[in-house]
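A.B. asks: Structure file final.csv (CSV, N, CA and C atoms) is given on the next line.
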```csv
chain,number,residue,atom,x,y,z
S,1,PRO,N,5.4,5.1,-22.3
S,1,PRO,CA,4.6,5.3,-23.4
S,1,PRO,C,3.2,5.8,-23.1
S,2,TYR,N,2.5,6.4,-24.1
S,2,TYR,CA,1.2,6.9,-23.8
S,2,TYR,C,0.2,5.9,-23.2
S,3,GLU,N,0.3,4.7,-23.6
S,3,GLU,CA,-0.6,3.7,-23.1
S,3,GLU,C,-0.4,3.6,-21.5
S,4,GLY,N,0.8,3.7,-21.1
S,4,GLY,CA,1.1,3.6,-19.6
S,4,GLY,C,0.6,4.9,-18.9
S,5,GLN,N,0.8,6.0,-19.6
S,5,GLN,CA,0.3,7.3,-19.0
S,5,GLN,C,-1.2,7.2,-18.8
S,6,LEU,N,-1.9,6.7,-19.8
S,6,LEU,CA,-3.4,6.6,-19.7
S,6,LEU,C,-3.8,5.6,-18.6
S,7,ALA,N,-3.0,4.5,-18.5
S,7,ALA,CA,-3.3,3.5,-17.5
S,7,ALA,C,-3.2,4.1,-16.1
S,8,VAL,N,-2.1,4.8,-15.8
S,8,VAL,CA,-1.9,5.4,-14.5
S,8,VAL,C,-3.0,6.4,-14.2
S,9,ALA,N,-3.3,7.2,-15.2
S,9,ALA,CA,-4.4,8.2,-15.0
S,9,ALA,C,-5.8,7.5,-14.8
S,10,ALA,N,-6.0,6.4,-15.4
S,10,ALA,CA,-7.2,5.7,-15.2
S,10,ALA,C,-7.3,5.1,-13.8
S,11,VAL,N,-6.1,4.6,-13.3
S,11,VAL,CA,-6.1,4.1,-11.9
S,11,VAL,C,-6.5,5.2,-11.0
S,12,VAL,N,-5.9,6.4,-11.2
S,12,VAL,CA,-6.3,7.5,-10.3
S,12,VAL,C,-7.8,7.8,-10.3
S,13,MET,N,-8.3,7.8,-11.5
S,13,MET,CA,-9.8,8.1,-11.6
S,13,MET,C,-10.6,7.0,-11.1
S,14,ASN,N,-10.2,5.7,-11.2
S,14,ASN,CA,-10.9,4.6,-10.7
S,14,ASN,C,-10.9,4.7,-9.1
S,15,ARG,N,-9.8,5.2,-8.6
S,15,ARG,CA,-9.8,5.4,-7.1
S,15,ARG,C,-10.7,6.5,-6.7
S,16,VAL,N,-10.7,7.6,-7.4
S,16,VAL,CA,-11.6,8.7,-7.1
S,16,VAL,C,-13.0,8.3,-7.1
S,17,LYS,N,-13.4,7.4,-8.0
S,17,LYS,CA,-14.8,6.9,-8.2
S,17,LYS,C,-15.1,5.9,-7.1
S,18,SER,N,-14.1,5.2,-6.5
S,18,SER,CA,-14.3,4.2,-5.5
S,18,SER,C,-14.6,4.7,-4.1
S,19,SER,N,-15.5,4.1,-3.4
S,19,SER,CA,-15.8,4.5,-2.0
S,19,SER,C,-14.6,4.1,-1.1
S,20,GLY,N,-13.7,3.3,-1.6
S,20,GLY,CA,-12.6,2.8,-0.7
S,20,GLY,C,-11.4,3.8,-0.7
S,21,TYR,N,-11.5,4.9,-1.4
S,21,TYR,CA,-10.4,5.8,-1.6
S,21,TYR,C,-10.9,7.3,-1.4
S,22,PRO,N,-10.0,8.2,-1.2
S,22,PRO,CA,-10.5,9.6,-1.2
S,22,PRO,C,-11.2,10.0,-2.5
S,23,ASN,N,-12.0,11.0,-2.5
S,23,ASN,CA,-12.9,11.4,-3.6
S,23,ASN,C,-12.4,12.5,-4.5
S,24,SER,N,-11.1,12.8,-4.4
S,24,SER,CA,-10.5,13.9,-5.3
S,24,SER,C,-9.2,13.4,-5.8
S,25,ILE,N,-8.8,13.9,-6.9
S,25,ILE,CA,-7.5,13.5,-7.6
S,25,ILE,C,-6.3,13.8,-6.6
S,26,SER,N,-6.3,15.0,-6.1
S,26,SER,CA,-5.2,15.4,-5.2
S,26,SER,C,-5.1,14.5,-4.0
S,27,SER,N,-6.3,14.2,-3.4
S,27,SER,CA,-6.3,13.3,-2.2
S,27,SER,C,-5.8,11.9,-2.5
S,28,VAL,N,-6.2,11.4,-3.7
S,28,VAL,CA,-5.7,10.1,-4.1
S,28,VAL,C,-4.2,10.1,-4.3
S,29,ILE,N,-3.7,11.0,-5.1
S,29,ILE,CA,-2.2,10.9,-5.4
S,29,ILE,C,-1.3,11.2,-4.2
S,30,TYR,N,-1.9,12.1,-3.3
S,30,TYR,CA,-1.0,12.4,-2.1
S,30,TYR,C,-1.4,11.6,-0.9
S,31,ALA,N,-2.2,10.6,-1.0
S,31,ALA,CA,-2.5,9.7,0.1
S,31,ALA,C,-1.2,9.0,0.6
S,32,SER,N,-1.0,8.9,1.9
S,32,SER,CA,0.2,8.3,2.4
S,32,SER,C,0.5,6.9,1.9
S,33,GLY,N,1.7,6.8,1.4
S,33,GLY,CA,2.2,5.5,0.9
S,33,GLY,C,1.7,5.1,-0.5
S,34,GLN,N,1.0,5.9,-1.2
S,34,GLN,CA,0.4,5.5,-2.5
S,34,GLN,C,1.2,5.9,-3.7
S,35,PHE,N,1.4,7.1,-4.1
S,35,PHE,CA,2.1,7.5,-5.3
S,35,PHE,C,3.4,8.2,-5.0
S,36,THR,N,4.5,7.4,-5.0
S,36,THR,CA,5.8,7.9,-4.5
S,36,THR,C,6.2,9.2,-5.2
S,37,PRO,N,6.0,9.3,-6.5
S,37,PRO,CA,6.4,10.6,-7.2
S,37,PRO,C,5.7,11.8,-6.6
S,38,ALA,N,4.5,11.7,-6.1
S,38,ALA,CA,3.7,12.8,-5.5
S,38,ALA,C,4.3,13.1,-4.2
S,39,LEU,N,4.7,12.0,-3.4
S,39,LEU,CA,5.1,12.2,-2.1
S,39,LEU,C,6.6,12.6,-2.0
S,40,ASN,N,7.4,12.3,-3.0
S,40,ASN,CA,8.8,12.7,-2.9
S,40,ASN,C,9.2,14.0,-3.6
S,41,GLY,N,8.2,14.7,-4.1
S,41,GLY,CA,8.4,16.0,-4.8
S,41,GLY,C,8.6,15.9,-6.3
S,42,LYS,N,8.7,14.7,-6.9
S,42,LYS,CA,8.9,14.7,-8.3
S,42,LYS,C,7.7,15.3,-9.1
S,43,VAL,N,6.5,15.1,-8.6
S,43,VAL,CA,5.3,15.7,-9.3
S,43,VAL,C,5.5,17.2,-9.3
S,44,ALA,N,5.8,17.8,-8.1
S,44,ALA,CA,6.0,19.3,-8.0
S,44,ALA,C,7.0,19.8,-8.9
S,45,LYS,N,8.2,19.1,-9.1
S,45,LYS,CA,9.2,19.5,-10.0
S,45,LYS,C,8.8,19.4,-11.4
S,46,THR,N,8.0,18.4,-11.7
S,46,THR,CA,7.4,18.3,-13.1
S,46,THR,C,6.5,19.5,-13.4
S,47,TYR,N,5.7,19.9,-12.5
S,47,TYR,CA,4.8,21.0,-12.7
S,47,TYR,C,5.7,22.3,-12.9
S,48,GLU,N,6.8,22.4,-12.2
S,48,GLU,CA,7.6,23.6,-12.4
S,48,GLU,C,8.3,23.6,-13.8
S,49,LYS,N,8.8,22.4,-14.3
S,49,LYS,CA,9.4,22.3,-15.5
S,49,LYS,C,8.4,22.3,-16.7
S,50,GLY,N,7.2,21.9,-16.5
S,50,GLY,CA,6.2,21.8,-17.5
S,50,GLY,C,5.9,20.4,-17.8
S,51,VAL,N,4.6,20.1,-17.8
S,51,VAL,CA,4.1,18.8,-18.0
S,51,VAL,C,4.0,18.5,-19.5
S,52,ARG,N,4.5,17.3,-19.8
S,52,ARG,CA,4.4,16.9,-21.3
S,52,ARG,C,3.0,16.8,-21.7
S,53,GLU,N,2.8,17.2,-23.0
S,53,GLU,CA,1.4,17.3,-23.6
S,53,GLU,C,0.8,15.9,-23.5
S,54,SER,N,1.6,14.8,-23.7
S,54,SER,CA,1.0,13.5,-23.7
S,54,SER,C,0.4,13.1,-22.4
S,55,CYS,N,1.1,13.6,-21.3
S,55,CYS,CA,0.6,13.4,-19.9
S,55,CYS,C,-0.7,14.2,-19.7
S,56,MET,N,-0.8,15.4,-20.2
S,56,MET,CA,-2.0,16.2,-20.1
S,56,MET,C,-3.2,15.5,-20.9
S,57,GLN,N,-2.9,15.0,-22.1
S,57,GLN,CA,-3.9,14.3,-22.9
S,57,GLN,C,-4.4,13.1,-22.2
S,58,ALA,N,-3.5,12.3,-21.6
S,58,ALA,CA,-3.9,11.1,-20.9
S,58,ALA,C,-4.8,11.5,-19.7
S,59,ALA,N,-4.4,12.5,-19.0
S,59,ALA,CA,-5.2,13.0,-17.8
S,59,ALA,C,-6.6,13.4,-18.3
S,60,ARG,N,-6.7,14.2,-19.4
S,60,ARG,CA,-8.0,14.7,-19.9
S,60,ARG,C,-8.8,13.5,-20.3
S,61,GLU,N,-8.2,12.5,-21.0
S,61,GLU,CA,-9.0,11.4,-21.4
S,61,GLU,C,-9.5,10.6,-20.2
S,62,ALA,N,-8.7,10.3,-19.2
S,62,ALA,CA,-9.1,9.6,-18.1
S,62,ALA,C,-10.2,10.3,-17.3
S,63,MET,N,-10.1,11.6,-17.2
S,63,MET,CA,-11.1,12.4,-16.5
S,63,MET,C,-12.4,12.4,-17.2
S,64,ALA,N,-12.3,12.2,-18.6
S,64,ALA,CA,-13.6,12.0,-19.4
S,64,ALA,C,-14.1,10.6,-19.4
S,65,GLY,N,-13.4,9.7,-18.7
S,65,GLY,CA,-13.9,8.3,-18.6
S,65,GLY,C,-13.2,7.3,-19.4
S,66,ALA,N,-12.1,7.6,-20.1
S,66,ALA,CA,-11.4,6.6,-20.9
S,66,ALA,C,-10.5,5.8,-19.9
S,67,THR,N,-10.4,4.5,-20.2
S,67,THR,CA,-9.6,3.6,-19.4
S,67,THR,C,-9.1,2.5,-20.3
S,68,ASN,N,-7.9,2.1,-20.2
S,68,ASN,CA,-7.3,0.9,-20.9
S,68,ASN,C,-7.0,-0.2,-19.9
S,69,VAL,N,-7.4,0.0,-18.6
S,69,VAL,CA,-7.2,-1.0,-17.5
S,69,VAL,C,-8.5,-1.4,-16.8
S,70,GLY,N,-9.6,-1.1,-17.4
S,70,GLY,CA,-10.9,-1.5,-16.8
S,70,GLY,C,-11.0,-0.7,-15.5
S,71,ALA,N,-11.4,-1.5,-14.4
S,71,ALA,CA,-11.6,-0.9,-13.1
S,71,ALA,C,-10.4,-1.0,-12.2
S,72,ALA,N,-9.2,-1.2,-12.7
S,72,ALA,CA,-8.0,-1.4,-11.9
S,72,ALA,C,-7.8,-0.2,-11.0
S,73,THR,N,-7.4,-0.5,-9.8
S,73,THR,CA,-7.1,0.6,-8.8
S,73,THR,C,-5.7,0.5,-8.3
S,74,HIS,N,-4.9,-0.4,-8.8
S,74,HIS,CA,-3.5,-0.6,-8.4
S,74,HIS,C,-2.6,-0.9,-9.5
S,75,PHE,N,-1.3,-0.6,-9.3
S,75,PHE,CA,-0.3,-1.0,-10.3
S,75,PHE,C,1.1,-1.1,-9.6
S,76,LYS,N,1.9,-1.9,-10.1
S,76,LYS,CA,3.3,-2.1,-9.6
S,76,LYS,C,4.2,-2.5,-10.7
S,77,ARG,N,5.5,-2.6,-10.5
S,77,ARG,CA,6.4,-3.1,-11.5
S,77,ARG,C,6.0,-4.6,-11.8
S,78,VAL,N,6.2,-4.9,-13.0
S,78,VAL,CA,6.0,-6.3,-13.5
S,78,VAL,C,6.7,-7.3,-12.6
S,79,GLY,N,6.0,-8.4,-12.2
S,79,GLY,CA,6.6,-9.4,-11.4
S,79,GLY,C,6.2,-9.3,-9.9
S,80,ALA,N,5.6,-8.2,-9.6
S,80,ALA,CA,5.1,-8.0,-8.2
S,80,ALA,C,3.7,-8.5,-8.0
S,81,HIS,N,3.0,-8.7,-9.0
S,81,HIS,CA,1.6,-9.0,-8.9
S,81,HIS,C,1.1,-9.5,-10.3
S,82,GLU,N,0.0,-10.3,-10.3
S,82,GLU,CA,-0.6,-10.7,-11.6
S,82,GLU,C,-1.6,-9.7,-12.0
S,83,GLY,N,-1.8,-9.5,-13.3
S,83,GLY,CA,-2.8,-8.6,-13.8
S,83,GLY,C,-2.4,-8.2,-15.3
S,84,MET,N,-2.9,-7.1,-15.7
S,84,MET,CA,-2.7,-6.6,-17.1
S,84,MET,C,-1.4,-5.9,-17.2
S,85,VAL,N,-0.5,-6.4,-18.0
S,85,VAL,CA,0.8,-5.8,-18.2
S,85,VAL,C,0.8,-4.7,-19.3
S,86,ILE,N,1.3,-3.5,-18.9
S,86,ILE,CA,1.5,-2.4,-19.8
S,86,ILE,C,2.9,-1.9,-19.5
S,87,GLY,N,3.7,-2.0,-20.5
S,87,GLY,CA,5.1,-1.6,-20.3
S,87,GLY,C,5.8,-2.4,-19.2
S,88,ALA,N,6.4,-1.7,-18.3
S,88,ALA,CA,7.1,-2.4,-17.2
S,88,ALA,C,6.2,-2.5,-15.9
S,89,HIS,N,4.9,-2.3,-16.1
S,89,HIS,CA,4.0,-2.3,-14.9
S,89,HIS,C,2.8,-3.3,-15.1
S,90,VAL,N,2.3,-3.7,-14.0
S,90,VAL,CA,1.1,-4.6,-14.0
S,90,VAL,C,0.0,-3.9,-13.3
S,91,PHE,N,-1.2,-3.9,-13.9
S,91,PHE,CA,-2.3,-3.2,-13.3
S,91,PHE,C,-3.4,-4.2,-12.9
S,92,TRP,N,-4.0,-4.0,-11.7
S,92,TRP,CA,-5.1,-4.8,-11.3
S,92,TRP,C,-6.1,-4.1,-10.5
```
How would this structure read if it were set down as structure tokens?

C.D. replies:
Amino acid sequence: PYEGQLAVAAVVMNRVKSSGYPNSISSVIYASGQFTPALNGKVAKTYEKGVRESCMQAAREAMAGATNVGAATHFKRVGAHEGMVIGAHVFW
């Protein structure tokens, strides 16, 4: 859902803003062991097929400062960690 798309985009932007992570979107999502879809080629395939407008909107909003997860810099499937649950993921 859109709420989850915005949450993931916000996590990426929170990392970009943090001194504990790389300072560019590309460097954050392609960092070793971080965003599996970026590392396994799924992101590249999505670019080839075309990115959904809702994903683009979530990215634009997050880049403009919108967040629905506060300052969270991590997320995993529900049950792996405590935090704010959105869909099947927990954000902290």

A.B. asks: Which residue out of S:Ala71, S:Ala80, S:Ala58, S:Ala64 has the minimum interatomic distance to Gly4 in chain S when all atoms listed in the file are used?

C.D. replies: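 The shortest atom-to-atom distance to Gly4 in chain S comes from S:Ala58.
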
A.B. asks: Do a neighbour search on range 14-18 of chain S at 7 Å with all atoms listed in the file, toss out local chain neighbours closer than 5 positions, and write the hits as a list in words.

C.D. replies: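 Near range 14-18 of chain S, the qualifying residues are Ala9, Asn23, Ser24, Ile25, Val28, Ala71, Ala72 and Thr73 of chain S.
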
A.B. asks: If I take CA of Lys42 in chain S and CA of Ser19 in chain S, how far is one from the other in Å, to one decimal?

C.D. replies: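 Between CA of Lys42 in chain S and CA of Ser19 in chain S the gap is 27.5 Å.
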
A.B. asks: Please compute the CA of His74 in chain S-CA of Arg60 in chain S distance, one decimal, in Å.

C.D. replies: 19.7 Å

A.B. asks: Just checking: using all atoms listed in the file, which residue out of S:Gly20, S:Met13, S:Tyr2, S:Val43 ends up closest to Ala62 in chain S?

C.D. replies: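 For Ala62 in chain S, the nearest of the candidates is S:Met13.
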
A.B. asks: Can you list, as a list in words, every residue of chain S that DSSP puts in strand (DSSP E)?

C.D. replies: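 Assigned to strand (DSSP E), within chain S: Phe75, Lys76, Arg77, Met84, Val85, Ile86, His89, Val90 and Phe91 of chain S.
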